[in-house]
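> Provided below: my_file-v8.cif, containing mmCIF, C-alpha atoms.
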data_upload
loop_
_atom_site.label_atom_id
_atom_site.label_comp_id
_atom_site.auth_asym_id
_atom_site.auth_seq_id
_atom_site.Cartn_x
_atom_site.Cartn_y
_atom_site.Cartn_z
CA MET N 212 0.00 0.00 0.00
CA ALA N 213 1.39 3.40 -1.00
CA LYS N 214 2.32 5.89 1.68
CA SER N 215 0.10 8.99 2.02
CA ILE N 216 2.33 12.06 2.17
CA ALA N 217 1.43 15.75 2.38
CA VAL N 218 3.93 18.35 1.22
CA ILE N 219 3.07 21.83 2.53
CA GLY N 220 4.90 24.62 0.72
CA LEU N 221 6.00 24.19 -2.88
CA GLY N 222 9.23 26.06 -3.34
CA ARG N 223 12.05 24.39 -5.29
CA PHE N 224 12.54 21.67 -2.69
CA GLY N 225 8.86 21.05 -1.93
CA LYS N 226 7.86 20.86 -5.57
CA LYS N 227 10.70 18.51 -6.48
CA LEU N 228 9.96 16.32 -3.47
CA ALA N 229 6.21 16.11 -4.18
CA CYS N 230 6.69 15.20 -7.86
CA THR N 231 9.37 12.61 -7.09
CA LEU N 232 7.27 10.95 -4.39
CA TYR N 233 4.33 10.72 -6.81
CA ASP N 234 6.54 9.31 -9.58
CA MET N 235 7.67 6.62 -7.13
CA GLY N 236 4.10 5.57 -6.43
CA GLY N 237 3.24 7.70 -3.41
CA ASP N 238 -0.21 9.11 -2.65
CA VAL N 239 0.80 12.79 -2.56
CA MET N 240 -1.11 15.88 -1.48
CA ALA N 241 0.72 19.11 -2.44
CA VAL N 242 -0.35 22.41 -0.87
CA ASP N 243 0.65 26.00 -1.61
CA ARG N 244 -0.89 29.47 -1.66
CA ASP N 245 0.38 30.24 -5.18
CA SER N 246 -2.25 29.36 -7.80
CA GLU N 247 0.33 29.23 -10.62
CA ILE N 248 2.43 26.68 -8.74
CA ILE N 249 -0.65 24.59 -8.01
CA ALA N 250 -1.64 24.67 -11.68
CA SER N 251 1.85 23.59 -12.75
CA ILE N 252 1.98 20.63 -10.36
CA ALA N 253 -1.63 19.44 -10.58
CA ASP N 254 -0.91 16.69 -13.12
CA HIS N 255 2.13 15.44 -11.21
CA VAL N 256 0.64 14.67 -7.77
CA THR N 257 -2.48 12.97 -6.43
CA TYR N 258 -4.04 16.16 -5.04
CA ALA N 259 -2.92 19.76 -5.59
CA ILE N 260 -4.58 22.17 -3.17
CA GLU N 261 -4.39 25.96 -3.26
CA GLY N 262 -4.58 27.43 0.22
CA ASP N 263 -3.03 30.01 2.49
CA VAL N 264 -0.62 27.79 4.41
CA SER N 265 0.03 30.61 6.89
CA ASN N 266 -3.61 30.33 8.02
CA ALA N 267 -4.14 27.82 10.82
CA ASP N 268 -7.75 27.13 9.85
CA VAL N 269 -6.70 26.30 6.28
CA VAL N 270 -4.03 23.87 7.47
CA LYS N 271 -6.47 22.26 9.94
CA GLY N 272 -8.91 21.75 7.07
CA LEU N 273 -6.45 19.71 5.01
CA GLY N 274 -7.23 16.44 6.78
CA LEU N 275 -3.64 15.77 7.82
CA ARG N 276 -4.78 13.06 10.24
CA GLU N 277 -5.13 10.78 7.19
CA MET N 278 -1.45 11.16 6.26
CA ASP N 279 1.41 8.80 7.07
CA VAL N 280 3.93 11.61 6.66
CA VAL N 281 3.70 15.41 6.52
CA VAL N 282 6.59 17.44 5.12
CA VAL N 283 6.54 21.12 6.10
CA ALA N 284 8.65 22.66 3.35
CA MET N 285 8.33 26.38 4.13
CA GLY N 286 11.91 26.85 5.26
CA SER N 287 11.95 30.65 4.99
CA ASP N 288 8.67 31.21 6.87
CA VAL N 289 9.36 30.42 10.52
CA THR N 290 5.91 31.31 11.86
CA SER N 291 4.00 29.27 9.27
CA SER N 292 6.38 26.33 9.68
CA ILE N 293 5.92 26.27 13.45
CA MET N 294 2.14 26.45 13.06
CA ALA N 295 2.02 23.67 10.45
CA VAL N 296 4.26 21.34 12.49
CA MET N 297 2.16 21.87 15.62
CA ILE N 298 -1.11 21.22 13.80
CA ALA N 299 0.25 18.08 12.12
CA LYS N 300 1.36 16.65 15.48
CA GLU N 301 -1.96 17.62 17.09
CA GLU N 302 -3.72 15.72 14.29
CA GLY N 303 -1.71 12.62 15.18
CA VAL N 304 0.49 12.40 12.08
CA PRO N 305 3.06 9.64 12.78
CA THR N 306 5.98 11.38 11.07
CA VAL N 307 6.40 15.13 10.60
CA ILE N 308 9.46 16.33 8.70
CA ALA N 309 10.28 20.04 8.57
CA LYS N 310 12.58 22.02 6.31
CA ALA N 311 14.71 24.62 8.10
CA LYS N 312 16.83 27.42 6.68
CA ASP N 313 19.37 27.19 9.51
CA HIS N 314 20.15 25.17 12.63
CA ARG N 315 18.50 27.67 14.99
CA MET N 316 15.21 27.30 13.13
CA GLY N 317 15.74 23.54 13.12
CA GLN N 318 16.11 23.50 16.90
CA ILE N 319 12.86 25.43 17.29
CA LEU N 320 10.94 23.10 14.97
CA LYS N 321 12.36 20.05 16.74
CA LYS N 322 11.33 21.45 20.10
CA ILE N 323 7.70 21.95 19.02
CA GLY N 324 7.33 18.44 17.67
CA ALA N 325 9.04 17.83 14.31
CA ASP N 326 10.36 14.27 14.12
CA LYS N 327 13.12 15.13 11.64
CA ILE N 328 14.71 18.35 10.39
CA ILE N 329 16.20 18.72 6.92
CA PHE N 330 18.37 21.47 5.44
CA PRO N 331 17.90 20.79 1.74
CA GLU N 332 18.91 22.05 -1.65
CA GLU N 333 16.85 20.94 -4.64
CA GLU N 334 18.80 17.69 -5.13
CA THR N 335 18.11 16.69 -1.53
CA GLY N 336 14.44 16.41 -2.44
CA LEU N 337 15.25 13.40 -4.60
CA ARG N 338 17.24 11.71 -1.84
CA THR N 339 14.58 12.38 0.82
CA ALA N 340 11.84 11.06 -1.46
CA ARG N 341 13.64 7.76 -1.93
CA ILE N 342 14.18 7.33 1.81
CA LEU N 343 10.54 8.18 2.61
CA MET N 344 9.16 5.72 0.09
CA SER N 345 10.68 2.68 1.79
CA ASP N 346 10.68 1.60 5.42
CA SER N 347 13.94 -0.25 4.65
CA PHE N 348 16.02 2.72 3.39
CA LEU N 349 18.28 4.39 5.96
CA GLU N 350 20.57 6.40 3.67
CA PHE N 351 20.75 7.05 -0.06
CA PHE N 352 23.82 8.23 -1.99
CA ASP N 353 24.21 8.96 -5.69
CA ILE N 354 27.24 7.34 -7.31
CA ASP N 355 26.57 8.40 -10.89
CA ASP N 356 23.62 8.79 -13.27
CA ASN N 357 22.57 5.16 -13.06
CA LEU N 358 24.10 3.76 -9.85
CA CYS N 359 23.38 4.44 -6.18
CA LEU N 360 24.61 3.27 -2.78
CA LEU N 361 22.01 2.39 -0.15
CA GLU N 362 22.17 1.66 3.55
CA ILE N 363 19.15 -0.54 4.26
CA LYS N 364 17.52 -2.54 7.01
CA PRO N 365 16.71 -6.16 6.12
CA LYS N 366 13.10 -6.80 5.22
CA PRO N 367 11.18 -8.74 7.92
CA GLU N 368 11.18 -11.87 5.75
CA TRP N 369 15.00 -11.72 5.51
CA ILE N 370 15.57 -12.00 9.28
CA GLY N 371 17.08 -15.33 10.27
CA ARG N 372 18.14 -16.19 6.73
CA ASN N 373 21.62 -15.79 5.25
CA LEU N 374 22.77 -14.12 2.03
CA ILE N 375 23.18 -17.45 0.25
CA GLU N 376 19.55 -18.37 0.91
CA LEU N 377 18.26 -14.89 0.08
CA ASN N 378 20.10 -14.68 -3.26
CA LEU N 379 19.66 -10.89 -3.26
CA ARG N 380 21.67 -10.34 -6.44
CA GLU N 381 19.30 -12.52 -8.44
CA LYS N 382 16.01 -11.45 -6.82
CA TYR N 383 16.66 -7.72 -6.25
CA ARG N 384 19.65 -7.01 -8.52
CA ILE N 385 21.67 -5.65 -5.59
CA ASN N 386 25.29 -6.21 -4.56
CA VAL N 387 26.03 -6.27 -0.81
CA VAL N 388 29.36 -4.51 -0.17
CA ALA N 389 29.35 -4.32 3.65
CA VAL N 390 27.36 -5.50 6.66
CA LYS N 391 26.83 -3.61 9.93
CA ASP N 392 26.12 -5.69 13.05
CA HIS N 393 26.00 -4.34 16.60
CA SER N 394 27.19 -0.88 15.41
CA GLU N 395 30.25 -2.37 13.64
CA MET N 396 30.60 -2.03 9.86
CA ARG N 397 32.43 -4.97 8.26
CA SER N 398 33.58 -5.23 4.65
CA PHE N 399 34.26 -8.95 5.13
CA ILE N 400 30.89 -10.63 4.64
CA ASP N 401 30.14 -14.14 5.83
CA PRO N 402 27.36 -15.19 3.42
CA SER N 403 26.36 -18.09 5.69
CA ARG N 404 25.68 -15.85 8.71
CA PRO N 405 21.93 -15.27 9.32
CA LEU N 406 20.76 -11.66 9.29
CA GLU N 407 19.57 -10.21 12.60
CA GLU N 408 17.03 -7.46 13.30
CA ASP N 409 19.75 -4.89 13.98
CA THR N 410 21.76 -5.84 10.87
CA GLU N 411 22.24 -3.10 8.28
CA LEU N 412 23.38 -3.73 4.72
CA LEU N 413 25.39 -1.42 2.48
CA VAL N 414 24.39 -2.25 -1.10
CA ILE N 415 24.99 -0.98 -4.63
CA LEU N 416 22.32 -1.16 -7.31
CA GLU N 417 21.07 0.58 -10.41
CA LYS N 418 18.52 3.32 -9.80
CA ALA N 419 16.18 1.66 -12.27
CA ASP N 420 15.92 -1.30 -9.87
CA LEU N 421 15.02 0.73 -6.74
CA ASN N 422 11.36 -0.24 -7.02
CA LEU N 423 12.29 -3.88 -6.50
CA LEU N 424 13.18 -3.04 -2.88
CA LYS N 425 9.88 -1.35 -1.96
#
Would you give me this structure, written as structure tokens?


Amino acid sequence: MAKSIAVIGLGRFGKKLACTLYDMGGDVMAVDRDSEIIASIADHVTYAIEGDVSNADVVKGLGLREMDVVVVAMGSDVTSSIMAVMIAKEEGVPTVIAKAKDHRMGQILKKIGADKIIFPEEETGLRTARILMSDSFLEFFDIDDNLCLLEIKPKPEWIGRNLIELNLREKYRINVVAVKDHSEMRSFIDPSRPLEEDTELLVILEKADLNLLK
């Protein structure tokens, strides 16, 4: 089932994030006060809503309680960001992510309830989207146009099985380059050792195959 994600504020980062999440199969609600931005994004998200995101009543009327994740992407508007984060948490949204223009703003947003603070440029929207769209992704790094490096948690069905049994290269087209157990990263991989719940895998794969890991 696709994650339901609201992106509030559609500057460069917010717009890129919303479109990328939708392209990856997310159920995306994009919100901004600018009618031209809403018109330009309408065909690239699930719902595009024009509304004054600095107005508390407007934000309360968005139905954020139905969202799995809310991203408050108004990094330059401290007051509106604080208000949106507070409302999202009051509505019971499990994960609220807030964009901040600096670390002082980030500290404020964290204090009033944001679960994660990001300090993005436009390209960071792509990386954040990929992490959000999978419960397994911990970190995402571009290597070149077609390859990426991922730090991932093992899927629940992988726990207790070893790399030989899982045959990840054949099934998911990924190459495991390192394993992290008990906070220790090891480049030597014992393929017969069963994966544990706290195991993390460092893998390389082609970006075209990312969907196989969802």

> Do you have the CA of Met285 in chain N-CA of Tyr258 in chain N distance handy?

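Result for CA of Met285 in chain N versus CA of Tyr258 in chain N: 18.5 Å, one decimal.
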
> Would you pick out the contacts of Ile319 in chain N at 12 Å or less, using only C-alpha atoms, so that residues sharing its chain but fewer than 5 positions from it are not included, and give the list as a PyMOL selection string?

chain N and resi 289-290+292-294+296-297+309-314+324-328

> Could you jot down the CA of Ile363 in chain N to CA of Thr410 in chain N separation for me, Å, one decimal place?

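Atom-to-atom, CA of Ile363 in chain N and CA of Thr410 in chain N are spaced 8.9 Å apart.
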
> Here is a test: counting only C-alpha atoms, which residue of N:Ser251, N:Ala295, N:Arg244, N:Lys214 is nearest to Ala267 in chain N?

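Among N:Ser251, N:Ala295, N:Arg244, N:Lys214, it is N:Ala295 that comes nearest to Ala267 in chain N.
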
> Record the distance separating CA of Ser291 in chain N and CA of Gly222 in chain N, expressed in Å with one decimal.

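Atom-to-atom, CA of Ser291 in chain N and CA of Gly222 in chain N are spaced 14.0 Å apart.
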
> Can you list, as a ChimeraX atom specification, the residues that the PyMOL selection byres ((chain N and resi 406) around 12) selects here?

/N:364-377,390-393,400-405,407-412

> Show which residues sit within 7 Å of Val387 in chain N, as a PyMOL selection string. Count all atoms listed in the file, and ignore same-chain residues fewer than 3 positions away.

chain N and resi 412-415

> Go through N:Val282, N:Ala241, N:Ala213, N:Val307 and flag the residue nearest Asp254 in chain N, using only C-alpha atoms for the distances.

N:Ala241

> Which neighbours of Lys271 in chain N fall inside 9 Å, counting only C-alpha atoms, when residues of the same chain fewer than 2 positions from it are skipped, and could you give them as a list in words?

Asn266, Ala267, Asp268, Val269, Leu273, Gly274, Leu275, Ala295, Ile298, Ala299 and Glu302 of chain N

> Counting all atoms listed in the file, figure out which residue out of N:Cys359, N:Ala284, N:Val264, N:Ile385 gets nearest to Ile329 in chain N.

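Looking at the shortest contact to Ile329 in chain N, the residue is N:Ala284.
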
> Give as a list in words each residue that has an atom at most 10 Å from (22.1, -1.3, -13.3) in the file, counting all atoms listed in the file.

Asn357, Leu358, Cys359, Arg384, Ile385, Ile415, Leu416, Glu417, Lys418, Ala419, Asp420 and Leu421 of chain N

> Got a sec: who's within 9 Å of Ile248 in chain N, counting only C-alpha atoms, leaving out chain neighbours fewer than 3 positions off, as an MDAnalysis selection string?

chainID N and resid 221:222 226 243:245 251:253 261

> With the PyMOL selection byres ((chain N and resi 238) around 9) as the selection, what would be picked from this file? Answer as a list of chain:residue names, please.

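Here the PyMOL selection byres ((chain N and resi 238) around 9) matches N:Ala213, N:Lys214, N:Ser215, N:Ile216, N:Ala217, N:Leu232, N:Tyr233, N:Gly236, N:Gly237, N:Val239, N:Met240, N:Val256, N:Thr257, N:Tyr258.
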
> Enclose range 310-314 of chain N, meaning all of its atoms listed in the file, in a box aligned along x, y and z, pad it by 4 Å on each side, and list the centre and edge lengths in Å to one decimal, as AutoDock Vina command-line options.


--center_x 16.4 --center_y 24.7 --center_z 9.5 --size_x 15.6 --size_y 13.4 --size_z 14.3

> Given the choices N:Pro305, N:Arg397, N:Lys322, N:His255, which gets closest to Thr231 in chain N if the distance is worked out from only C-alpha atoms?

N:His255

> Can you rebuild range 236-247 of chain N with all heavy atoms and give it as a compact mmCIF listing (two decimals), keeping the file's coordinate frame?


# COMPACT_ATOMS: atom_id res chain seq x y z
N GLY N 236 5.29 6.31 -6.83
CA GLY N 236 4.10 5.57 -6.43
C GLY N 236 3.43 6.05 -5.17
O GLY N 236 2.49 5.39 -4.68
N GLY N 237 3.84 7.18 -4.62
CA GLY N 237 3.24 7.70 -3.41
C GLY N 237 1.89 8.36 -3.66
O GLY N 237 1.60 8.81 -4.77
N ASP N 238 1.07 8.40 -2.62
CA ASP N 238 -0.21 9.11 -2.65
C ASP N 238 0.07 10.50 -2.07
O ASP N 238 0.18 10.67 -0.86
CB ASP N 238 -1.23 8.35 -1.80
CG ASP N 238 -2.62 8.97 -1.84
OD1 ASP N 238 -2.85 9.87 -2.68
OD2 ASP N 238 -3.47 8.57 -1.04
N VAL N 239 0.22 11.50 -2.96
CA VAL N 239 0.80 12.79 -2.56
C VAL N 239 -0.22 13.92 -2.63
O VAL N 239 -0.86 14.14 -3.66
CB VAL N 239 2.01 13.14 -3.45
CG1 VAL N 239 2.62 14.48 -3.03
CG2 VAL N 239 3.06 12.04 -3.38
N MET N 240 -0.33 14.65 -1.52
CA MET N 240 -1.11 15.88 -1.48
C MET N 240 -0.13 17.06 -1.40
O MET N 240 0.68 17.14 -0.48
CB MET N 240 -2.05 15.91 -0.27
CG MET N 240 -2.83 17.22 -0.13
SD MET N 240 -4.10 17.16 1.16
CE MET N 240 -3.07 17.10 2.63
N ALA N 241 -0.18 17.95 -2.39
CA ALA N 241 0.72 19.11 -2.44
C ALA N 241 -0.09 20.37 -2.18
O ALA N 241 -1.16 20.57 -2.78
CB ALA N 241 1.40 19.18 -3.80
N VAL N 242 0.41 21.23 -1.29
CA VAL N 242 -0.35 22.41 -0.87
C VAL N 242 0.52 23.66 -0.95
O VAL N 242 1.66 23.67 -0.49
CB VAL N 242 -0.85 22.25 0.59
CG1 VAL N 242 -1.80 23.39 0.95
CG2 VAL N 242 -1.54 20.90 0.79
N ASP N 243 -0.05 24.72 -1.54
CA ASP N 243 0.65 26.00 -1.61
C ASP N 243 -0.37 27.11 -1.83
O ASP N 243 -1.47 26.86 -2.34
CB ASP N 243 1.68 26.00 -2.75
CG ASP N 243 2.73 27.09 -2.60
OD1 ASP N 243 2.48 28.21 -3.08
OD2 ASP N 243 3.78 26.82 -1.99
N ARG N 244 0.01 28.34 -1.48
CA ARG N 244 -0.89 29.47 -1.66
C ARG N 244 -0.84 30.04 -3.07
O ARG N 244 -1.71 30.81 -3.46
CB ARG N 244 -0.54 30.57 -0.66
CG ARG N 244 0.76 31.31 -0.95
CD ARG N 244 1.09 32.33 0.12
NE ARG N 244 1.62 31.69 1.31
CZ ARG N 244 1.95 32.35 2.42
NH1 ARG N 244 1.79 33.66 2.49
NH2 ARG N 244 2.44 31.70 3.45
N ASP N 245 0.18 29.68 -3.84
CA ASP N 245 0.38 30.24 -5.18
C ASP N 245 -0.40 29.43 -6.22
O ASP N 245 -0.10 28.26 -6.47
CB ASP N 245 1.88 30.22 -5.50
CG ASP N 245 2.22 31.00 -6.76
OD1 ASP N 245 1.51 30.84 -7.77
OD2 ASP N 245 3.21 31.77 -6.73
N SER N 246 -1.38 30.06 -6.83
CA SER N 246 -2.25 29.36 -7.80
C SER N 246 -1.48 28.89 -9.02
O SER N 246 -1.80 27.84 -9.60
CB SER N 246 -3.40 30.28 -8.24
OG SER N 246 -2.90 31.47 -8.84
N GLU N 247 -0.46 29.64 -9.45
CA GLU N 247 0.33 29.23 -10.62
C GLU N 247 1.13 27.96 -10.32
O GLU N 247 1.23 27.07 -11.17
CB GLU N 247 1.26 30.37 -11.05
CG GLU N 247 0.53 31.58 -11.63
CD GLU N 247 1.48 32.62 -12.17
OE1 GLU N 247 2.71 32.38 -12.16
OE2 GLU N 247 1.00 33.69 -12.60
